[in-house]
>>> print(open('final35.pdb').read())   # PDB, C-alpha atoms, pLDDT in the B column
ATOM      1  CA  MET A  29      64.426 -49.474  33.569  1.00 55.00           C
ATOM      2  CA  LYS A  30      60.989 -48.443  34.759  1.00 57.00           C
ATOM      3  CA  THR A  31      59.372 -45.355  33.344  1.00 58.00           C
ATOM      4  CA  LEU A  32      57.402 -43.196  35.697  1.00 54.00           C
ATOM      5  CA  LYS A  33      53.804 -42.555  34.664  1.00 56.00           C
ATOM      6  CA  THR A  34      52.500 -39.146  35.473  1.00 56.00           C
ATOM      7  CA  LYS A  35      48.855 -38.800  36.431  1.00 56.00           C
ATOM      8  CA  SER A  36      46.956 -36.057  34.662  1.00 62.00           C
ATOM      9  CA  GLY A  37      44.433 -34.040  36.654  1.00 65.00           C
ATOM     10  CA  PHE A  38      43.221 -30.610  37.567  1.00 66.00           C
ATOM     11  CA  THR A  39      45.427 -28.253  39.434  1.00 78.00           C
ATOM     12  CA  LEU A  40      44.054 -26.541  42.477  1.00 71.00           C
ATOM     13  CA  ALA A  41      43.762 -23.277  40.541  1.00 70.00           C
ATOM     14  CA  GLU A  42      41.753 -24.962  37.776  1.00 67.00           C
ATOM     15  CA  ALA A  43      39.413 -26.626  40.259  1.00 67.00           C
ATOM     16  CA  LEU A  44      38.831 -23.330  42.040  1.00 72.00           C
ATOM     17  CA  SER A  45      38.133 -21.609  38.713  1.00 73.00           C
ATOM     18  CA  VAL A  46      35.471 -24.208  37.870  1.00 69.00           C
ATOM     19  CA  LEU A  47      33.861 -23.775  41.283  1.00 73.00           C
ATOM     20  CA  VAL A  48      33.779 -20.002  40.867  1.00 71.00           C
ATOM     21  CA  ILE A  49      32.135 -20.334  37.422  1.00 68.00           C
ATOM     22  CA  LEU A  50      29.540 -22.767  38.793  1.00 64.00           C
ATOM     23  CA  GLY A  51      28.854 -20.392  41.669  1.00 69.00           C
ATOM     24  CA  VAL A  52      28.269 -17.486  39.296  1.00 66.00           C
ATOM     25  CA  ILE A  53      25.919 -19.566  37.123  1.00 64.00           C
ATOM     26  CA  ALA A  54      23.993 -20.715  40.208  1.00 56.00           C
ATOM     27  CA  SER A  55      23.692 -17.164  41.545  1.00 61.00           C
ATOM     28  CA  LEU A  56      22.177 -16.091  38.229  1.00 60.00           C
ATOM     29  CA  THR A  57      19.756 -18.979  37.722  1.00 55.00           C
ATOM     30  CA  ILE A  58      18.535 -19.949  41.210  1.00 53.00           C
ATOM     31  CA  PRO A  59      16.769 -16.627  41.991  1.00 56.00           C
ATOM     32  CA  ALA A  60      14.967 -16.810  38.633  1.00 48.00           C
ATOM     33  CA  LEU A  61      13.869 -20.383  39.342  1.00 43.00           C
ATOM     34  CA  ASN A  62      12.691 -19.421  42.844  1.00 48.00           C
ATOM     35  CA  SER A  63      10.787 -16.438  41.451  1.00 55.00           C
ATOM     36  CA  SER A  64       9.129 -18.607  38.805  1.00 68.00           C
ATOM     37  CA  THR A  65       8.111 -21.182  41.421  1.00 75.00           C
ATOM     38  CA  GLN A  66       6.744 -18.446  43.688  1.00 81.00           C
ATOM     39  CA  ASP A  67       4.778 -16.918  40.781  1.00 85.00           C
ATOM     40  CA  LYS A  68       3.200 -20.302  40.063  1.00 89.00           C
ATOM     41  CA  GLN A  69       2.138 -20.593  43.696  1.00 91.00           C
ATOM     42  CA  PHE A  70       0.613 -17.107  43.632  1.00 92.00           C
ATOM     43  CA  PHE A  71      -1.196 -17.831  40.342  1.00 92.00           C
ATOM     44  CA  ALA A  72      -2.560 -21.138  41.649  1.00 93.00           C
ATOM     45  CA  GLN A  73      -3.884 -19.407  44.769  1.00 93.00           C
ATOM     46  CA  TYR A  74      -5.365 -16.621  42.650  1.00 93.00           C
ATOM     47  CA  LYS A  75      -7.205 -19.129  40.420  1.00 94.00           C
ATOM     48  CA  ARG A  76      -8.488 -20.811  43.554  1.00 94.00           C
ATOM     49  CA  SER A  77      -9.683 -17.434  44.875  1.00 95.00           C
ATOM     50  CA  VAL A  78     -11.576 -16.684  41.644  1.00 94.00           C
ATOM     51  CA  SER A  79     -13.253 -20.083  41.860  1.00 94.00           C
ATOM     52  CA  VAL A  80     -14.097 -19.663  45.559  1.00 96.00           C
ATOM     53  CA  PHE A  81     -15.541 -16.193  44.935  1.00 96.00           C
ATOM     54  CA  ALA A  82     -17.704 -17.494  42.067  1.00 94.00           C
ATOM     55  CA  GLN A  83     -19.010 -20.421  44.116  1.00 96.00           C
ATOM     56  CA  THR A  84     -19.680 -18.186  47.113  1.00 96.00           C
ATOM     57  CA  ILE A  85     -21.714 -15.603  45.208  1.00 93.00           C
ATOM     58  CA  ASP A  86     -23.741 -18.473  43.692  1.00 94.00           C
ATOM     59  CA  ARG A  87     -24.493 -19.744  47.193  1.00 95.00           C
ATOM     60  CA  MET A  88     -25.268 -16.243  48.464  1.00 94.00           C
ATOM     61  CA  THR A  89     -27.711 -15.676  45.624  1.00 92.00           C
ATOM     62  CA  ALA A  90     -29.409 -19.046  46.211  1.00 94.00           C
ATOM     63  CA  GLU A  91     -29.588 -18.487  49.975  1.00 95.00           C
ATOM     64  CA  LYS A  92     -30.616 -14.829  49.606  1.00 93.00           C
ATOM     65  CA  THR A  93     -27.667 -13.525  51.644  1.00 93.00           C
ATOM     66  CA  TYR A  94     -26.607 -11.201  48.826  1.00 92.00           C
ATOM     67  CA  LYS A  95     -27.985  -7.782  49.747  1.00 90.00           C
ATOM     68  CA  ARG A  96     -28.529  -5.370  46.887  1.00 89.00           C
ATOM     69  CA  ASN A  97     -27.477  -1.781  47.551  1.00 90.00           C
ATOM     70  CA  ASN A  98     -25.628  -2.817  50.711  1.00 91.00           C
ATOM     71  CA  ILE A  99     -22.117  -3.908  49.800  1.00 91.00           C
ATOM     72  CA  SER A 100     -20.807  -3.805  53.399  1.00 91.00           C
ATOM     73  CA  GLN A 101     -23.594  -6.104  54.632  1.00 94.00           C
ATOM     74  CA  THR A 102     -23.006  -8.371  51.651  1.00 93.00           C
ATOM     75  CA  PHE A 103     -19.303  -8.601  52.581  1.00 95.00           C
ATOM     76  CA  GLU A 104     -20.263  -9.483  56.164  1.00 95.00           C
ATOM     77  CA  ASN A 105     -22.499 -12.251  54.806  1.00 96.00           C
ATOM     78  CA  PHE A 106     -19.728 -13.310  52.389  1.00 96.00           C
ATOM     79  CA  LYS A 107     -17.395 -13.970  55.336  1.00 96.00           C
ATOM     80  CA  LYS A 108     -19.812 -16.514  56.790  1.00 96.00           C
ATOM     81  CA  TYR A 109     -18.928 -18.945  54.009  1.00 97.00           C
ATOM     82  CA  PHE A 110     -15.253 -19.124  55.030  1.00 97.00           C
ATOM     83  CA  ASN A 111     -13.137 -20.769  57.665  1.00 97.00           C
ATOM     84  CA  ILE A 112     -11.525 -17.597  58.963  1.00 96.00           C
ATOM     85  CA  ALA A 113      -8.090 -17.593  60.547  1.00 95.00           C
ATOM     86  CA  LYS A 114      -8.196 -13.874  61.432  1.00 95.00           C
ATOM     87  CA  ASP A 115     -11.020 -11.366  61.078  1.00 95.00           C
ATOM     88  CA  CYS A 116      -9.514  -7.897  61.175  1.00 94.00           C
ATOM     89  CA  THR A 117     -12.876  -6.219  60.602  1.00 88.00           C
ATOM     90  CA  THR A 118     -14.213  -7.233  63.994  1.00 82.00           C
ATOM     91  CA  SER A 119     -11.083  -7.594  66.122  1.00 79.00           C
ATOM     92  CA  GLY A 120      -7.555  -6.272  66.164  1.00 78.00           C
ATOM     93  CA  SER A 121      -6.251  -3.913  63.541  1.00 88.00           C
ATOM     94  CA  SER A 122      -6.897  -4.173  59.798  1.00 91.00           C
ATOM     95  CA  THR A 123      -3.129  -3.820  59.336  1.00 92.00           C
ATOM     96  CA  ASP A 124      -2.786  -7.283  60.884  1.00 94.00           C
ATOM     97  CA  CYS A 125      -4.446  -8.663  57.735  1.00 95.00           C
ATOM     98  CA  TRP A 126      -3.398  -6.229  55.001  1.00 95.00           C
ATOM     99  CA  ASP A 127      -0.278  -4.177  54.286  1.00 94.00           C
ATOM    100  CA  TYR A 128      -1.732  -0.747  53.591  1.00 93.00           C
ATOM    101  CA  ASP A 129       1.742   0.774  53.631  1.00 91.00           C
ATOM    102  CA  ALA A 130       2.785  -1.216  50.569  1.00 90.00           C
ATOM    103  CA  ASP A 131       3.943   1.044  47.776  1.00 88.00           C
ATOM    104  CA  ASP A 132       1.390  -0.428  45.343  1.00 91.00           C
ATOM    105  CA  GLN A 133      -2.271   0.129  46.277  1.00 87.00           C
ATOM    106  CA  GLY A 134      -3.361  -0.818  42.747  1.00 89.00           C
ATOM    107  CA  PRO A 135      -6.600  -0.561  40.789  1.00 91.00           C
ATOM    108  CA  CYS A 136      -8.826  -1.772  43.634  1.00 92.00           C
ATOM    109  CA  PRO A 137      -7.440  -0.534  46.969  1.00 94.00           C
ATOM    110  CA  ALA A 138      -8.495  -2.522  50.011  1.00 94.00           C
ATOM    111  CA  SER A 139     -10.850  -1.033  52.561  1.00 94.00           C
ATOM    112  CA  LYS A 140     -10.529  -1.683  56.299  1.00 93.00           C
ATOM    113  CA  GLU A 141     -12.994  -4.582  55.977  1.00 95.00           C
ATOM    114  CA  VAL A 142     -10.626  -7.524  55.634  1.00 96.00           C
ATOM    115  CA  PHE A 143     -10.077 -11.093  56.842  1.00 97.00           C
ATOM    116  CA  ILE A 144      -7.636 -13.949  56.295  1.00 97.00           C
ATOM    117  CA  ASP A 145      -8.944 -17.439  55.571  1.00 97.00           C
ATOM    118  CA  ILE A 146      -7.245 -20.646  56.699  1.00 96.00           C
ATOM    119  CA  SER A 147      -5.388 -20.952  53.371  1.00 94.00           C
ATOM    120  CA  GLY A 148      -3.542 -17.704  54.185  1.00 95.00           C
ATOM    121  CA  THR A 149      -5.360 -15.572  51.606  1.00 96.00           C
ATOM    122  CA  ALA A 150      -6.469 -12.100  52.666  1.00 97.00           C
ATOM    123  CA  TRP A 151      -9.884 -11.000  51.382  1.00 97.00           C
ATOM    124  CA  ALA A 152     -10.811  -7.323  51.505  1.00 97.00           C
ATOM    125  CA  LEU A 153     -13.768  -5.303  50.401  1.00 95.00           C
ATOM    126  CA  PRO A 154     -12.362  -2.879  47.811  1.00 94.00           C
ATOM    127  CA  THR A 155     -12.925   0.836  48.088  1.00 91.00           C
ATOM    128  CA  ASN A 156     -14.350   0.773  44.540  1.00 86.00           C
ATOM    129  CA  GLN A 157     -18.129   0.971  44.580  1.00 79.00           C
ATOM    130  CA  VAL A 158     -18.617  -2.474  43.084  1.00 85.00           C
ATOM    131  CA  TRP A 159     -19.448  -5.863  44.516  1.00 91.00           C
ATOM    132  CA  GLY A 160     -16.210  -7.758  44.543  1.00 93.00           C
ATOM    133  CA  VAL A 161     -13.078  -8.435  46.535  1.00 96.00           C
ATOM    134  CA  THR A 162      -9.425  -7.563  46.589  1.00 95.00           C
ATOM    135  CA  VAL A 163      -7.279 -10.591  47.383  1.00 96.00           C
ATOM    136  CA  ASP A 164      -3.705 -10.957  48.530  1.00 96.00           C
ATOM    137  CA  THR A 165      -2.666 -14.570  48.122  1.00 94.00           C
ATOM    138  CA  ASN A 166      -0.177 -14.452  50.995  1.00 93.00           C
ATOM    139  CA  ALA A 167      -1.747 -11.744  53.181  1.00 93.00           C
ATOM    140  CA  THR A 168       0.809  -9.290  54.580  1.00 92.00           C
ATOM    141  CA  LYS A 169       3.888 -11.066  53.203  1.00 93.00           C
ATOM    142  CA  GLY A 170       5.565  -9.473  50.168  1.00 92.00           C
ATOM    143  CA  PRO A 171       5.742  -8.534  47.445  1.00 94.00           C
ATOM    144  CA  ASN A 172       2.244  -6.968  47.946  1.00 95.00           C
ATOM    145  CA  LYS A 173       2.015  -5.877  44.334  1.00 94.00           C
ATOM    146  CA  TYR A 174      -0.942  -6.080  41.965  1.00 94.00           C
ATOM    147  CA  GLY A 175      -0.552  -8.622  39.206  1.00 92.00           C
ATOM    148  CA  LYS A 176       1.989 -10.490  41.353  1.00 92.00           C
ATOM    149  CA  ASP A 177       0.302 -11.578  44.604  1.00 95.00           C
ATOM    150  CA  ARG A 178      -2.662  -9.162  44.706  1.00 95.00           C
ATOM    151  CA  TRP A 179      -5.695  -9.117  42.421  1.00 94.00           C
ATOM    152  CA  CYS A 180      -9.158  -7.641  42.007  1.00 94.00           C
ATOM    153  CA  ILE A 181     -12.132  -9.963  41.509  1.00 94.00           C
ATOM    154  CA  PHE A 182     -15.513  -8.404  40.784  1.00 93.00           C
ATOM    155  CA  SER A 183     -18.942  -9.764  40.061  1.00 92.00           C
ATOM    156  CA  ALA A 184     -20.772  -9.044  36.825  1.00 91.00           C
ATOM    157  CA  ASP A 185     -24.469  -8.610  36.164  1.00 90.00           C
ATOM    158  CA  LYS A 186     -26.497 -10.444  33.501  1.00 90.00           C
ATOM    159  CA  ASP A 187     -25.289  -7.969  30.861  1.00 90.00           C
ATOM    160  CA  GLY A 188     -21.642  -8.731  31.633  1.00 89.00           C
ATOM    161  CA  ASN A 189     -20.981  -5.364  33.278  1.00 89.00           C
ATOM    162  CA  TYR A 190     -19.157  -4.861  36.543  1.00 89.00           C
ATOM    163  CA  ASN A 191     -21.790  -4.972  39.258  1.00 88.00           C
ATOM    164  CA  ASP A 192     -22.200  -1.875  41.416  1.00 87.00           C
ATOM    165  CA  GLY A 193     -24.129  -3.914  43.970  1.00 88.00           C
ATOM    166  CA  THR A 194     -27.594  -3.011  42.737  1.00 89.00           C
ATOM    167  CA  LYS A 195     -28.015  -6.028  40.462  1.00 89.00           C
ATOM    168  CA  LYS A 196     -27.884  -9.771  40.886  1.00 88.00           C
ATOM    169  CA  PRO A 197     -24.344 -11.107  40.398  1.00 91.00           C
ATOM    170  CA  VAL A 198     -24.291 -13.846  37.775  1.00 91.00           C
ATOM    171  CA  SER A 199     -20.618 -14.226  36.891  1.00 91.00           C
ATOM    172  CA  VAL A 200     -17.112 -13.252  37.948  1.00 91.00           C
ATOM    173  CA  LEU A 201     -14.766 -10.828  36.192  1.00 88.00           C
ATOM    174  CA  PRO A 202     -11.093 -10.344  36.999  1.00 87.00           C
ATOM    175  CA  TYR A 203     -10.099  -6.696  36.866  1.00 87.00           C
ATOM    176  CA  PRO A 204      -8.443  -5.629  34.733  1.00 87.00           C
ATOM    177  CA  ASN A 205      -8.928  -8.486  32.294  1.00 83.00           C
ATOM    178  CA  LYS A 206      -5.607  -8.178  30.469  1.00 89.00           C
ATOM    179  CA  ASP A 207      -1.912  -8.239  31.276  1.00 92.00           C
ATOM    180  CA  PHE A 208       0.213  -5.092  31.374  1.00 92.00           C
ATOM    181  CA  THR A 209       3.835  -4.991  30.270  1.00 92.00           C
ATOM    182  CA  SER A 210       4.395  -1.299  30.931  1.00 93.00           C
ATOM    183  CA  ALA A 211       3.635   0.964  33.886  1.00 93.00           C
ATOM    184  CA  SER A 212       0.092   2.309  34.141  1.00 90.00           C
ATOM    185  CA  ALA A 213      -2.594   3.076  36.711  1.00 87.00           C
ATOM    186  CA  GLU A 214      -3.438  -0.645  36.728  1.00 90.00           C
ATOM    187  CA  CYS A 215       0.190  -1.766  36.895  1.00 92.00           C
ATOM    188  CA  LYS A 216       2.730   0.130  38.924  1.00 92.00           C
ATOM    189  CA  TYR A 217       5.366  -2.601  38.699  1.00 92.00           C
ATOM    190  CA  PRO A 218       5.224  -4.298  35.286  1.00 93.00           C
ATOM    191  CA  PRO A 219       4.781  -6.903  34.135  1.00 92.00           C
ATOM    192  CA  CYS A 220       1.406  -7.408  35.834  1.00 91.00           C
ATOM    193  CA  TYR A 221      -0.231 -10.753  35.185  1.00 89.00           C
ATOM    194  CA  TYR A 222      -3.980 -10.412  35.386  1.00 89.00           C
ATOM    195  CA  GLN A 223      -5.505 -12.457  32.558  1.00 85.00           C
ATOM    196  CA  SER A 224      -2.655 -14.909  32.067  1.00 86.00           C
ATOM    197  CA  ALA A 225      -2.499 -15.642  35.809  1.00 85.00           C
ATOM    198  CA  ILE A 226      -5.840 -17.384  35.358  1.00 80.00           C
ATOM    199  CA  SER A 227      -5.018 -19.121  32.089  1.00 73.00           C
ATOM    200  CA  ARG A 228      -1.610 -20.474  33.111  1.00 64.00           C
TER     201      ARG A 228
END
>>> encode(input="final35.pdb", output="structure tokens")
Amino acid sequence: MKTLKTKSGFTLAEALSVLVILGVIASLTIPALNSSTQDKQFFAQYKRSVSVFAQTIDRMTAEKTYKRNNISQTFENFKKYFNIAKDCTTSGSSTDCWDYDADDQGPCPASKEVFIDISGTAWALPTNQVWGVTVDTNATKGPNKYGKDRWCIFSADKDGNYNDGTKKPVSVLPYPNKDFTSASAECKYPPCYYQSAISR
């Protein structure tokens, strides 16, 4: 007499339970992975911006296009060293290059003098009375928050002080030069990665 062998396997209910659990795990981990990847892209673009700014002020100093006591003219000369995709200072509206309605205007608010280079980075002259730039690594796209996709980059004089435009720029200083893990005037939406965005 033959004995019937029964095949063991998952029931439909068990299979559905596993799929639900996997779906929950994916919904918890995928946004964090996407956010981490996006942060790395922003940080890489920020580091590039710091390097580009440093190289450009070196060239401006050598070619005598840096104008002491005239930050607006210096910014106009600064633009000449870029391949510009959109210049919102000379044509169109500045809001085409910078989201001024963003909730976070940060430690170095952007003026209306702004352009976007071909990499998609927006460069603005800050309203602070220093020679430097405010950058948004992805222009008007979000999150438009300082320490996330927006940063301040200033020049420093020979004494290592932030340059008010009256002295020769000799180095570059991120501002502020530390990270913030709690809310402050420099960081509306903590954590804000300023220093570590460069060192990562």
>>> residues_around(input="final35.pdb", residues="segment 113-120 of chain A", least_positions_apart="6", cutoff="10 Å", atoms="all atoms listed in the file", output="PyMOL selection string")
chain A and resi 104+107+126+139-152
>>> closest_residue(input="final35.pdb", among="A:Val161, A:Ala167, A:Ala82, A:Cys136", to="Asp124 of chain A", atoms="all atoms listed in the file")
A:Ala167
>>> resolve_selection(input="final35.pdb", expression="the PyMOL selection byres ((chain A and resi 137) around 8)", output="ChimeraX atom specification")
/A:133-136,138-139,154-156,162
>>> atom_distance(input="final35.pdb", atom1="atom CA of Ser183 of chain A", atom2="atom CA of Gln83 of chain A")
11.4 Å
>>> resolve_selection(input="final35.pdb", expression="the PyMOL selection byres ((chain A and resi 185) around 7)", output="CSV table (one decimal) with C-alpha atoms, in the frame of the given file")
chain,number,residue,atom,x,y,z
A,183,SER,CA,-18.9,-9.8,40.1
A,184,ALA,CA,-20.8,-9.0,36.8
A,186,LYS,CA,-26.5,-10.4,33.5
A,187,ASP,CA,-25.3,-8.0,30.9
A,188,GLY,CA,-21.6,-8.7,31.6
A,189,ASN,CA,-21.0,-5.4,33.3
A,190,TYR,CA,-19.2,-4.9,36.5
A,191,ASN,CA,-21.8,-5.0,39.3
A,195,LYS,CA,-28.0,-6.0,40.5
A,196,LYS,CA,-27.9,-9.8,40.9
A,197,PRO,CA,-24.3,-11.1,40.4
A,198,VAL,CA,-24.3,-13.8,37.8
A,199,SER,CA,-20.6,-14.2,36.9
>>> atom_distance(input="final35.pdb", atom1="atom CA of Thr89 of chain A", atom2="atom CA of Val200 of chain A")
13.3 Å
